[in-house]
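Colleague: My questions all concern the structure below.
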Amino acid sequence: MRGATNAILNLSAEQRSKGVVTHSSGNFAQALSLAAKSLGVPAYIVMPSSAPQVKIDAVKGYGGQVTICPPTLKDREEHAQQIQDELGATFLHPSNDMDVIVGQGTAAVELLEDEPDLDAIFTPVGGGGLLGGTALAASIFSEQCEVFAGEPEEADDAYRSFKSGKIESNETVNTMADGLKTQLGDQNFPIIQQDVKDIFLVSESEILDALKLIWTRMKIVVEPSSAVALAALIKQKHQFANKKVGIIISGGNVDLGNLPF
């Protein structure tokens, strides 16, 4: 929502009048639809046929004009390009757009304003927009805060990219953290390489345990993708003993008919 809002606010009046378009399976689709509605801008959302119906319904409820396509990246990109060509709408990438990245980073800015002596901040990583924005914010607004990410073992492309120094992709993404199935991009990867300290992998059972902990102890409705950040911290708790650590809780788009517990 932060990234989508910032990206729209940085468009010209003429660009806004023609609308915005993205392709997303759910989270950025909902965020862009609601941000656009609040700013009086048309939003065209390309969603794969594999997207949960609850997310499609939510996008429509927020005012997004949905186009369903086959569930491949090629089809998503082609449908989005067609909308750009026909309507003149501006394409906004869910994670690989500097205005989106900077917008996502405002969560870390506000966290550091409240807790300026943090030693570390954890986020999940999928497409890399939130992690890139958080790393950028910490590098500018803190002298000592290091940034870390959690990622599912079953979708470990960011971890492998971080270690190899080039953007890697996944053959399979068999994880409950459906918001983290996307890969890094050329806008956010250099930021992550420079300003992120490490990326930790977590298992599906570790994600589930962290999800239950947030729901039952904190009374916050989060999706599995969001719980990955806490799961990573719990797994690495000895490394962070006696440290002051912040966690970005980043998404609550839960399919209540398909909970993992």
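Each chain of the structure tokens is named A, B, ... in the order shown, its residues numbered from 1; ligands are numbered from 1 in display order.
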Go through segment 141-251 of chain A residue by residue and, counting only C-alpha atoms, keep those with an atom at most 12 Å from segment 77-94 of chain A; for each kept residue give the shortest atom pair and its distance in Å to one decimal, ordered by chain and increasing number, as a Markdown table.
Modeller:
| residue | atom | partner | partner_atom | distance |
| --- | --- | --- | --- | --- |
| A:Gly179 | CA | A:Pro94 | CA | 11.0 |
| A:Leu180 | CA | A:Pro94 | CA | 11.7 |
| A:Thr182 | CA | A:Pro94 | CA | 9.6 |
| A:Gln183 | CA | A:Pro94 | CA | 10.9 |
| A:Leu184 | CA | A:Pro94 | CA | 10.8 |
| A:Gly185 | CA | A:His93 | CA | 9.8 |
| A:Asp186 | CA | A:His93 | CA | 11.7 |
| A:Gln187 | CA | A:His93 | CA | 10.5 |
| A:Asn188 | CA | A:Pro94 | CA | 11.4 |
Colleague: So which residues touch Pro70 of chain A within 7 Å, counting only C-alpha atoms, skipping near sequence neighbours fewer than 3 positions away, as a PDB file with N, CA and C atoms, in the first residue's frame?
Modeller:
ATOM      1  N   PRO A  48      -3.380 -13.815 -12.579  1.00  0.00           N
ATOM      2  CA  PRO A  48      -3.366 -15.167 -13.149  1.00  0.00           C
ATOM      3  C   PRO A  48      -4.598 -15.958 -12.728  1.00  0.00           C
ATOM      4  N   SER A  49      -4.997 -16.896 -13.569  1.00  0.00           N
ATOM      5  CA  SER A  49      -6.174 -17.716 -13.257  1.00  0.00           C
ATOM      6  C   SER A  49      -5.967 -18.553 -12.001  1.00  0.00           C
ATOM      7  N   ASP A  75       2.436 -14.520 -20.039  1.00  0.00           N
ATOM      8  CA  ASP A  75       1.046 -14.097 -20.263  1.00  0.00           C
ATOM      9  C   ASP A  75       0.708 -12.848 -19.459  1.00  0.00           C
TER      10      ASP A  75
END
Colleague: Wanna dump the segment 122-188 of chain A-segment 194-202 of chain A contacts at 8 Å for me, each residue with its shortest atom pair and the distance in Å to one decimal, counting only C-alpha atoms, ordered by chain and number, as a tab-separated table?
Modeller:
residue	atom	partner	partner_atom	distance
A:Ala135	CA	A:Asp195	CA	5.4
A:Leu136	CA	A:Asp195	CA	6.9
A:Ser139	CA	A:Asp195	CA	6.7
A:Glu146	CA	A:Lys197	CA	6.2
A:Val147	CA	A:Val196	CA	5.1
A:Phe148	CA	A:Asp198	CA	5.2
A:Ala149	CA	A:Ile199	CA	4.7
A:Gly150	CA	A:Phe200	CA	4.9
A:Glu151	CA	A:Leu201	CA	5.0
A:Pro152	CA	A:Val202	CA	5.0
A:Glu153	CA	A:Leu201	CA	5.2
A:Asp156	CA	A:Leu201	CA	7.1
A:Ala158	CA	A:Ile199	CA	7.8
A:Tyr159	CA	A:Ile199	CA	5.7
A:Phe162	CA	A:Ile199	CA	7.6
Colleague: Those residues you just picked out, can you put them in a file as an mmCIF file, in the first residue's frame with N, CA and C atoms?
Modeller:
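Output saved as part.cif:
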data_model
loop_
_atom_site.group_PDB
_atom_site.id
_atom_site.type_symbol
_atom_site.label_atom_id
_atom_site.label_comp_id
_atom_site.auth_asym_id
_atom_site.auth_seq_id
_atom_site.Cartn_x
_atom_site.Cartn_y
_atom_site.Cartn_z
ATOM 1 N N ALA A 135 16.219 -1.677 3.542
ATOM 2 C CA ALA A 135 17.680 -1.548 3.569
ATOM 3 C C ALA A 135 18.113 -0.124 3.250
ATOM 4 N N LEU A 136 17.435 0.483 2.281
ATOM 5 C CA LEU A 136 17.731 1.869 1.908
ATOM 6 C C LEU A 136 17.460 2.799 3.080
ATOM 7 N N SER A 139 20.034 2.392 5.908
ATOM 8 C CA SER A 139 21.360 2.920 5.562
ATOM 9 C C SER A 139 21.394 4.441 5.680
ATOM 10 N N GLU A 146 21.353 -2.967 11.184
ATOM 11 C CA GLU A 146 21.581 -3.874 10.051
ATOM 12 C C GLU A 146 20.258 -4.490 9.625
ATOM 13 N N VAL A 147 20.146 -4.828 8.350
ATOM 14 C CA VAL A 147 18.895 -5.365 7.809
ATOM 15 C C VAL A 147 19.088 -6.819 7.381
ATOM 16 N N PHE A 148 18.117 -7.651 7.770
ATOM 17 C CA PHE A 148 18.128 -9.083 7.459
ATOM 18 C C PHE A 148 16.782 -9.467 6.861
ATOM 19 N N ALA A 149 16.769 -10.594 6.140
ATOM 20 C CA ALA A 149 15.508 -11.062 5.545
ATOM 21 C C ALA A 149 15.318 -12.539 5.813
ATOM 22 N N GLY A 150 14.047 -12.938 5.838
ATOM 23 C CA GLY A 150 13.691 -14.344 5.897
ATOM 24 C C GLY A 150 13.080 -14.756 4.572
ATOM 25 N N GLU A 151 13.345 -15.983 4.161
ATOM 26 C CA GLU A 151 12.804 -16.495 2.893
ATOM 27 C C GLU A 151 12.485 -17.978 3.049
ATOM 28 N N PRO A 152 11.409 -18.463 2.425
ATOM 29 C CA PRO A 152 11.099 -19.895 2.516
ATOM 30 C C PRO A 152 12.163 -20.751 1.827
ATOM 31 N N GLU A 153 12.486 -21.894 2.432
ATOM 32 C CA GLU A 153 13.403 -22.843 1.801
ATOM 33 C C GLU A 153 12.877 -23.293 0.444
ATOM 34 N N ASP A 156 13.774 -20.199 -2.601
ATOM 35 C CA ASP A 156 15.000 -19.601 -2.044
ATOM 36 C C ASP A 156 15.818 -18.805 -3.059
ATOM 37 N N ALA A 158 16.072 -15.575 -3.706
ATOM 38 C CA ALA A 158 16.752 -14.377 -3.192
ATOM 39 C C ALA A 158 18.001 -14.769 -2.395
ATOM 40 N N TYR A 159 17.887 -15.820 -1.611
ATOM 41 C CA TYR A 159 19.043 -16.325 -0.856
ATOM 42 C C TYR A 159 20.169 -16.717 -1.804
ATOM 43 N N PHE A 162 21.660 -13.650 -3.489
ATOM 44 C CA PHE A 162 22.492 -12.903 -2.537
ATOM 45 C C PHE A 162 23.880 -13.542 -2.427
#
Colleague: Need the shell around segment 240-247 of chain A: protein/DNA/RNA residues with any atom at most 9 Å away, counting only C-alpha atoms. Skip same-chain ones fewer than 5 positions apart. Format as JSON, numbers by chain?
Modeller: {"A": [108, 111, 112, 115, 117, 118, 119, 120, 121, 122, 123, 145, 229, 230, 233]}
Colleague: Using DSSP secondary structure from the backbone, list all alpha helix (DSSP H) positions within segment 31-233 of chain A, as a PyMOL selection string.
Modeller: chain A and resi 31-38+53-61+73-87+98-114+129-141+157-164+189-195+204-213+224-233
Colleague: Out of segment 95-215 of chain A, which residues get strand (DSSP E) from DSSP, as a ChimeraX atom specification?
Modeller: /A:120-124,146-152,196-202
Colleague: Keeping only N, CA and C atoms, write the selected residues to a file as a PDB file, in the first residue's frame.
Modeller:
ATOM      1  N   ALA A 120      18.872  -4.188  14.556  1.00  0.00           N
ATOM      2  CA  ALA A 120      18.543  -4.936  13.346  1.00  0.00           C
ATOM      3  C   ALA A 120      17.061  -4.782  13.007  1.00  0.00           C
ATOM      4  N   ILE A 121      16.754  -4.941  11.717  1.00  0.00           N
ATOM      5  CA  ILE A 121      15.372  -5.020  11.246  1.00  0.00           C
ATOM      6  C   ILE A 121      15.260  -6.244  10.349  1.00  0.00           C
ATOM      7  N   PHE A 122      14.200  -7.010  10.548  1.00  0.00           N
ATOM      8  CA  PHE A 122      13.899  -8.178   9.714  1.00  0.00           C
ATOM      9  C   PHE A 122      12.693  -7.896   8.828  1.00  0.00           C
ATOM     10  N   THR A 123      12.765  -8.337   7.569  1.00  0.00           N
ATOM     11  CA  THR A 123      11.602  -8.335   6.683  1.00  0.00           C
ATOM     12  C   THR A 123      11.563  -9.690   5.973  1.00  0.00           C
ATOM     13  N   PRO A 124      10.427 -10.034   5.368  1.00  0.00           N
ATOM     14  CA  PRO A 124      10.424 -11.153   4.429  1.00  0.00           C
ATOM     15  C   PRO A 124      11.027 -10.683   3.105  1.00  0.00           C
ATOM     16  N   GLU A 146      21.353  -2.967  11.184  1.00  0.00           N
ATOM     17  CA  GLU A 146      21.581  -3.874  10.051  1.00  0.00           C
ATOM     18  C   GLU A 146      20.258  -4.490   9.625  1.00  0.00           C
ATOM     19  N   VAL A 147      20.146  -4.828   8.350  1.00  0.00           N
ATOM     20  CA  VAL A 147      18.895  -5.365   7.809  1.00  0.00           C
ATOM     21  C   VAL A 147      19.088  -6.819   7.381  1.00  0.00           C
ATOM     22  N   PHE A 148      18.117  -7.651   7.770  1.00  0.00           N
ATOM     23  CA  PHE A 148      18.128  -9.083   7.459  1.00  0.00           C
ATOM     24  C   PHE A 148      16.782  -9.467   6.861  1.00  0.00           C
ATOM     25  N   ALA A 149      16.769 -10.594   6.140  1.00  0.00           N
ATOM     26  CA  ALA A 149      15.508 -11.062   5.545  1.00  0.00           C
ATOM     27  C   ALA A 149      15.318 -12.539   5.813  1.00  0.00           C
ATOM     28  N   GLY A 150      14.047 -12.938   5.838  1.00  0.00           N
ATOM     29  CA  GLY A 150      13.691 -14.344   5.897  1.00  0.00           C
ATOM     30  C   GLY A 150      13.080 -14.756   4.572  1.00  0.00           C
ATOM     31  N   GLU A 151      13.345 -15.983   4.161  1.00  0.00           N
ATOM     32  CA  GLU A 151      12.804 -16.495   2.893  1.00  0.00           C
ATOM     33  C   GLU A 151      12.485 -17.978   3.049  1.00  0.00           C
ATOM     34  N   PRO A 152      11.409 -18.463   2.425  1.00  0.00           N
ATOM     35  CA  PRO A 152      11.099 -19.895   2.516  1.00  0.00           C
ATOM     36  C   PRO A 152      12.163 -20.751   1.827  1.00  0.00           C
ATOM     37  N   VAL A 196      21.983  -5.030   2.598  1.00  0.00           N
ATOM     38  CA  VAL A 196      21.407  -6.111   3.411  1.00  0.00           C
ATOM     39  C   VAL A 196      22.549  -6.963   3.970  1.00  0.00           C
ATOM     40  N   LYS A 197      22.454  -7.277   5.257  1.00  0.00           N
ATOM     41  CA  LYS A 197      23.517  -8.032   5.928  1.00  0.00           C
ATOM     42  C   LYS A 197      23.465  -9.514   5.594  1.00  0.00           C
ATOM     43  N   ASP A 198      22.238 -10.119   5.638  1.00  0.00           N
ATOM     44  CA  ASP A 198      22.133 -11.552   5.358  1.00  0.00           C
ATOM     45  C   ASP A 198      20.678 -11.934   5.105  1.00  0.00           C
ATOM     46  N   ILE A 199      20.491 -13.073   4.459  1.00  0.00           N
ATOM     47  CA  ILE A 199      19.162 -13.653   4.224  1.00  0.00           C
ATOM     48  C   ILE A 199      19.161 -15.051   4.819  1.00  0.00           C
ATOM     49  N   PHE A 200      18.131 -15.364   5.616  1.00  0.00           N
ATOM     50  CA  PHE A 200      18.032 -16.658   6.286  1.00  0.00           C
ATOM     51  C   PHE A 200      16.860 -17.455   5.709  1.00  0.00           C
ATOM     52  N   LEU A 201      17.058 -18.755   5.538  1.00  0.00           N
ATOM     53  CA  LEU A 201      16.004 -19.630   5.024  1.00  0.00           C
ATOM     54  C   LEU A 201      15.238 -20.288   6.165  1.00  0.00           C
ATOM     55  N   VAL A 202      13.928 -20.440   5.981  1.00  0.00           N
ATOM     56  CA  VAL A 202      13.082 -21.089   6.989  1.00  0.00           C
ATOM     57  C   VAL A 202      12.208 -22.153   6.328  1.00  0.00           C
TER      58      VAL A 202
END
Colleague: Expressed in Å to a single decimal, how great is the separation between atom CA of Glu154 of chain A and atom CA of Met218 of chain A?
Modeller: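 A separation of 26.5 Å between them.
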Colleague: Figure out the distance between atom CA of Ile220 of chain A and atom CA of Leu256 of chain A, please, to one decimal in Å.
Modeller: 14.0 Å
Colleague: Quick one: residues within 9 Å of Ser250 of chain A, only C-alpha atoms, excluding same-chain residues fewer than 6 positions away - as a ChimeraX atom specification?
Modeller: /A:123-124,130,222-223,225-227
Colleague: Using only C-alpha atoms, pick whichever of A:Pro116, A:Ile214, A:Leu11, A:Gly127 has the shortest atom-to-atom distance to Glu143 of chain A.
Modeller: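 Ranked by minimum distance to Glu143 of chain A, first place goes to A:Pro116.
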Colleague: Mind pulling up the distance from atom CA of Ala231 of chain A to atom CA of Pro260 of chain A?
Modeller: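 A separation of 15.3 Å between them.
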Colleague: In terms of the shortest atom-to-atom distance over only C-alpha atoms, which of A:Asp209, A:Ala35, A:Lys219, A:Gly126 is closest to Val173 of chain A?
Modeller: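 The answer is A:Gly126, which sits nearest to Val173 of chain A.
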Colleague: Given the choices A:Ala232, A:Leu213, A:Val102, A:Ile56, which gets closest to Ala7 of chain A if the distance is worked out from only C-alpha atoms?
Modeller: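 The closest residue to Ala7 of chain A is A:Val102.
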Colleague: Could you check which of A:Val20, A:Met98, A:Val221, A:Ala137 is closest to Glu113 of chain A, using only C-alpha atoms?
Modeller: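 Of the candidates, the smallest distance to Glu113 of chain A is held by A:Ala137.
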